[in-house]
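J.: Submitted below is the structure of interest, expressed as structure tokens.
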Protein chains: 4
Amino acid sequence: MESATLLISSPDRRGLVAAITDFIFRRNGNILHLDQHVDSEHNTFFMRVQWDLTGFEIAKDKIAPAFAPLAEQYQMDWRVHFSDERQRMAIFVSKEDHCLYDMLSRWQSGEWCVDIPLIISNHPTLEHIAKKFDIPFHQFTITKENKSEQERAQLDLLKVHQIDLVVLARYMQIITPNFIAQYPNRIINIHHSFLPAFPGAKPYHQAYERGVKIIGATSHYVTAELDAGPIIEQDVTRVDHRDSVSEMIRKGKDLEKTVLSRAIWAHLGNRVLVYQNKTVVFK
Amino acid sequence: MESATLLISSPDRRGLVAAITDFIFRRNGNILHLDQHVDSEHNTFFMRVQWDLTGFEIAKDKIAPAFAPLAEQYQMDWRVHFSDERQRMAIFVSKEDHCLYDMLSRWQSGEWCVDIPLIISNHPTLEHIAKKFDIPFHQFTITKENKSEQERAQLDLLKVHQIDLVVLARYMQIITPNFIAQYPNRIINIHHSFLPAFPGAKPYHQAYERGVKIIGATSHYVTAELDAGPIIEQDVTRVDHRDSVSEMIRKGKDLEKTVLSRAIWAHLGNRVLVYQNKTVVFK
Amino acid sequence: MESATLLISSPDRRGLVAAITDFIFRRNGNILHLDQHVDSEHNTFFMRVQWDLTGFEIAKDKIAPAFAPLAEQYQMDWRVHFSDERQRMAIFVSKEDHCLYDMLSRWQSGEWCVDIPLIISNHPTLEHIAKKFDIPFHQFTITKENKSEQERAQLDLLKVHQIDLVVLARYMQIITPNFIAQYPNRIINIHHSFLPAFPGAKPYHQAYERGVKIIGATSHYVTAELDAGPIIEQDVTRVDHRDSVSEMIRKGKDLEKTVLSRAIWAHLGNRVLVYQNKTVVFK
Amino acid sequence: MESATLLISSPDRRGLVAAITDFIFRRNGNILHLDQHVDSEHNTFFMRVQWDLTGFEIAKDKIAPAFAPLAEQYQMDWRVHFSDERQRMAIFVSKEDHCLYDMLSRWQSGEWCVDIPLIISNHPTLEHIAKKFDIPFHQFTITKENKSEQERAQLDLLKVHQIDLVVLARYMQIITPNFIAQYPNRIINIHHSFLPAFPGAKPYHQAYERGVKIIGATSHYVTAELDAGPIIEQDVTRVDHRDSVSEMIRKGKDLEKTVLSRAIWAHLGNRVLVYQNKTVVFK
């Protein structure tokens, strides 16, 4: 079964749901899932609606033009996706392998409907994993001097491969604002703390020093401000006085890969809307 | 602000959401929350929609008659609630006090918009708590011989007090099918295990014997089959080999009161729909 | 059954466990629980050992003098407690009632082996609860001008009542260093965030603004630095975009009372050792 | 640093901890970790003690004979392990790949100190993964007729490879009591429910039918009774009415691999003692 998904945000107004669902119904669409949210503080409306395209009266490429007038009338920010689209994802790594293994396993087992045309790294350490899974591995050694040049080369490569989504799977380099601007809300990072606690370097060491009883991981879209982008998903696990830093790192790895994979799942399923540096993640 | 909430289940058909939201929109209602679900296995549609009554063009008592034709057309099971309704709750207890304290604290602090005209018990043990909170306490000693007679008397009392919801807050008596039939999906029980594991008596002892690493609590609507009704809410906590039965009981009490209060919150907020011996709990 | 509990911290040295357990064994003590921890980073040894006093060869009041030479030899920081001791706890509150209700319920139901001779507040709001539970309620209105004077009066009252433990159950006043110095590691606070995230005022508002997917609560010993004392217990719960600030506050209350009560339970059970602004919490 | 670990269970008696720690101290051992537990119901004592072998006065191969007299005196069940031992693990799989990928990733990244000399399967499906990681893959097609013969061949292979631990990583065959008897408390299974709920086939379907709000996974030692062996680790995750069976399966996979890997970690670290069909899992 093929389906279409509309993602909408707009100023809140009476009749929005009626207008949108009527648009689908009049063309003989059967709604499979509908979720909406109103942020009454900012008077903003959000909606995700998915419908069965079987028997839908207009062709896929005609849906956007047909919807545009309604969207304009209600000042919507909107996009439409189709279930047979296949996104293209680039993975950036450094030396830590747990997230990479986890992502490639999910990809290869068919859990994720995504193509992974390349892996980029600033170190050669994980090339052997890329080889195991037959994915081209591109190494870009980064120094202070060559950073902007290397980023340009990376961006060129992403463009050649028509990348939709960049995932920083424990990539230990700060991406520059120029790079980020090319992929707004399309670069996902995993940070190894429950943000906003312990941003920056060595969060497990910070957690150990502070003596917290819970550690966490946070997946977020990358913005120009470090570790401050819209949070997509977080999770935590208990620690106690017996947990050394290395034990926290070990436990944290399981969190990191789970939290990152849930964020990617939500993104690939077109379930995430960003506003006010926050996310609406529809179930 | 006053609001109305429609709860609907029906066979799934095209145009349902459009028809319902159009009904609200045409009468100048502004939707605050809308959640829907389609069980594709049983081809059943569920919806909860809440809208602001400010400026709504028909009076509250005319909403049901106005909606009835649409409901009939789509074969809906439905009900409408208003935000100024105040449900009436009876609490049944035996000797354990933790759930009772927790419920009365929430009620008195105004967390729950509910009246509690009476507490019923088969033991005198907790009368002192009812007194603290100035709620009439009715004791019905139950024996094999007088059980059906006592239940009739209890039912009479519930009717006199126009009770909407019965909560069994660790009431250690089995309610008969006749009693249950008077309050279908309106009797909430808390069972001290993660059902379907450990139904019946002494679940913490069962959990201890089995050596589980997690214990739980389950709140469900009471049906004729013991501990087998539709589950509204569950939660769990970790235990290990150091936890004796009494330690499990102590930890479990916190679970029980939290899980029970969440189930009551969902019920009072008209968020629960029952079907196929399961629940849809709208957020 | 009566038991004794030794709490020890010392520089780590070979033979510590053997020496301590031998001390107990030679006087015919049967160890019920023993937990130890070595912080290898700081070369510090921690231990909690509890033994049955039935048949123990020396009287309770002779145990400390008998143990002192061994303690000196190994440079121990130590204390001994007995199972029949009953601590005396003062509760400080302001206007929020959920933690107070929860604590008094646990106390009254006998879950906690503690006396509560008084409740102190800077507002009259919760006096009715103190009355319900027959506990003297002392109101100290605090202004910038009278703060140090009022704190002195509070301290006098605590001394008169021989208070062992002060619990700040959502007390909305900052305690001065002078007050804190009188009860080192004996003032427990509940903060409504997963510290170190969102210290200070209005943590739920901060959490809402930041768009976190998890909120928490933290119970810690009060030190001179605000919300930075040794953490005893933390817990968290999930939120999402549908949770308004008021919904976070509602969900957070359940966290706060659970986390606070667990910290009090650990403290009353003589399970907490403080070092390096962190805690060892023995199970 | 090399260390030794003693695992002991015995009837509880006065002086046990003193005797054991004295044994270590007198030979100049420094205790790194000590954890003990007394099951007062069964009057049984459990202990795990790990000490630094640097400067220990007797050689590794002399430790067991030196300890034996003490063990006999106290009727101990005991074993001693050394930190440089490397266990040998066989993995049994069928068609599901998520646990296998996860285990091999941990092994290859060095998280687990273990050798994996072979993978056994009743299907060819996952051979490509074994190849990726360069591990011999042995297929044993199982029919009713050849089952005992094939099990004998499997056992022979395990013996040839001196296997210490067998992990059933979603192996969809029931192991016969004869096979189990060869590896008592050394066969770990992952079951995809929070046992004892939903034993046997299709637990996610059972969970969906029952309408539970939480699903789980359980790792346990395999005994002759199906899904009833000593539980090593469990974990759970929330589901709601929107989760179809396939969504539960997807979420459950993450649980299964995490729970299984934690159980393996505890087993490899010599942290698990079995008694009364339960486990003591030392931290």
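Simple scheme: letters A, B, ... for chains in structure tokens order, numbers from 1 for residues in each chain, numbers from 1 for ligands in the order shown.
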Taking only C-alpha atoms into account, find every residue of chain A that has an atom no more than 7 Å from chain D, and write it out as a list of chain:residue names.
T.: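 So the residues of chain A near chain D are A:Tyr101, A:Ser105, A:Lys132.
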J.: So that I can check the surroundings of segment 144-157 of chain A, please list as number ranges by chain every protein, DNA and RNA residue that reaches within 12 Å of it, counting only C-alpha atoms and ignoring chain neighbours fewer than 4 positions away.
T.: A: 90-92, 117-122, 136-140, 161-164, 166, 173-183
J.: Among the residues of segment 45-246 of chain C, find those DSSP assigns to helix (DSSP H, G or I) from the backbone and print them as JSON, numbers by chain.
T.: {"C": [60, 61, 62, 63, 64, 65, 66, 67, 68, 69, 70, 71, 72, 73, 98, 99, 100, 101, 102, 103, 104, 105, 106, 107, 108, 127, 128, 129, 130, 131, 132, 147, 148, 149, 150, 151, 152, 153, 154, 155, 156, 157, 158, 159, 160, 177, 178, 179, 180, 181, 182, 203, 204, 205, 206, 207, 208, 209, 210, 245, 246]}
J.: Quick one: everything within 8 Å of Leu168 of chain B, counting only C-alpha atoms, minus sequence neighbours fewer than 5 positions away in the same chain. Send it as a PyMOL selection string.
T.: chain B and resi 91-93+187-190
J.: Pull all heavy atoms from the residues just selected and write them as an mmCIF file, in the first residue's frame.
T.:
```
data_model
loop_
_atom_site.group_PDB
_atom_site.id
_atom_site.type_symbol
_atom_site.label_atom_id
_atom_site.label_comp_id
_atom_site.auth_asym_id
_atom_site.auth_seq_id
_atom_site.Cartn_x
_atom_site.Cartn_y
_atom_site.Cartn_z
ATOM 1 N N ILE B 91 -14.659 5.392 46.784
ATOM 2 C CA ILE B 91 -13.417 4.640 47.001
ATOM 3 C C ILE B 91 -13.693 3.447 47.902
ATOM 4 O O ILE B 91 -14.290 3.596 48.967
ATOM 5 C CB ILE B 91 -12.338 5.533 47.659
ATOM 6 C CG1 ILE B 91 -12.134 6.821 46.851
ATOM 7 C CG2 ILE B 91 -11.016 4.771 47.791
ATOM 8 C CD1 ILE B 91 -11.134 7.788 47.486
ATOM 9 N N PHE B 92 -13.266 2.271 47.444
ATOM 10 C CA PHE B 92 -13.367 1.049 48.250
ATOM 11 C C PHE B 92 -11.973 0.681 48.767
ATOM 12 O O PHE B 92 -11.024 0.602 47.972
ATOM 13 C CB PHE B 92 -13.894 -0.116 47.391
ATOM 14 C CG PHE B 92 -15.383 -0.104 47.166
ATOM 15 C CD1 PHE B 92 -16.032 1.023 46.657
ATOM 16 C CD2 PHE B 92 -16.153 -1.235 47.439
ATOM 17 C CE1 PHE B 92 -17.404 1.027 46.439
ATOM 18 C CE2 PHE B 92 -17.525 -1.248 47.226
ATOM 19 C CZ PHE B 92 -18.152 -0.119 46.726
ATOM 20 N N VAL B 93 -11.868 0.455 50.060
ATOM 21 C CA VAL B 93 -10.577 0.077 50.633
ATOM 22 C C VAL B 93 -10.750 -1.080 51.616
ATOM 23 O O VAL B 93 -11.875 -1.427 51.993
ATOM 24 C CB VAL B 93 -9.920 1.263 51.394
ATOM 25 C CG1 VAL B 93 -9.540 2.382 50.436
ATOM 26 C CG2 VAL B 93 -10.854 1.773 52.492
ATOM 27 N N ILE B 187 -15.458 0.799 36.943
ATOM 28 C CA ILE B 187 -14.809 0.349 38.178
ATOM 29 C C ILE B 187 -13.327 0.164 37.859
ATOM 30 O O ILE B 187 -12.965 -0.626 36.987
ATOM 31 C CB ILE B 187 -15.391 -0.983 38.695
ATOM 32 C CG1 ILE B 187 -16.913 -0.888 38.823
ATOM 33 C CG2 ILE B 187 -14.744 -1.366 40.024
ATOM 34 C CD1 ILE B 187 -17.584 -2.212 39.172
ATOM 35 N N ILE B 188 -12.489 0.926 38.536
ATOM 36 C CA ILE B 188 -11.041 0.836 38.307
ATOM 37 C C ILE B 188 -10.389 0.134 39.481
ATOM 38 O O ILE B 188 -10.631 0.480 40.637
ATOM 39 C CB ILE B 188 -10.431 2.248 38.135
ATOM 40 C CG1 ILE B 188 -10.977 2.925 36.871
ATOM 41 C CG2 ILE B 188 -8.897 2.165 38.075
ATOM 42 C CD1 ILE B 188 -10.429 4.326 36.632
ATOM 43 N N ASN B 189 -9.580 -0.860 39.180
ATOM 44 C CA ASN B 189 -8.851 -1.597 40.212
ATOM 45 C C ASN B 189 -7.358 -1.367 40.042
ATOM 46 O O ASN B 189 -6.872 -1.099 38.957
ATOM 47 C CB ASN B 189 -9.144 -3.107 40.076
ATOM 48 C CG ASN B 189 -8.482 -3.914 41.177
ATOM 49 O OD1 ASN B 189 -8.514 -3.528 42.351
ATOM 50 N ND2 ASN B 189 -7.871 -5.030 40.813
ATOM 51 N N ILE B 190 -6.615 -1.483 41.147
ATOM 52 C CA ILE B 190 -5.155 -1.503 41.072
ATOM 53 C C ILE B 190 -4.706 -2.895 41.500
ATOM 54 O O ILE B 190 -5.050 -3.360 42.597
ATOM 55 C CB ILE B 190 -4.507 -0.398 41.945
ATOM 56 C CG1 ILE B 190 -2.985 -0.462 41.890
ATOM 57 C CG2 ILE B 190 -4.982 -0.458 43.404
ATOM 58 C CD1 ILE B 190 -2.420 -0.001 40.577
#
```
J.: What's the separation between atom CA of Cys113 of chain A and atom CA of Asp235 of chain A, in Å to one decimal place?
T.: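 So the two atoms, atom CA of Cys113 of chain A and atom CA of Asp235 of chain A, lie 23.8 Å apart.
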J.: Please identify which residues in segment 57-213 of chain A DSSP calls strand (DSSP E) from the backbone, and express them as an NGL selection string.
T.: :A and (77-82 or 87-93 or 114-121 or 137-139 or 165-168 or 187-191)
J.: Calculate how many Å separate atom CA of Glu209 of chain D from atom CA of Pro11 of chain B, rounding to one decimal.
T.: 19.4 Å
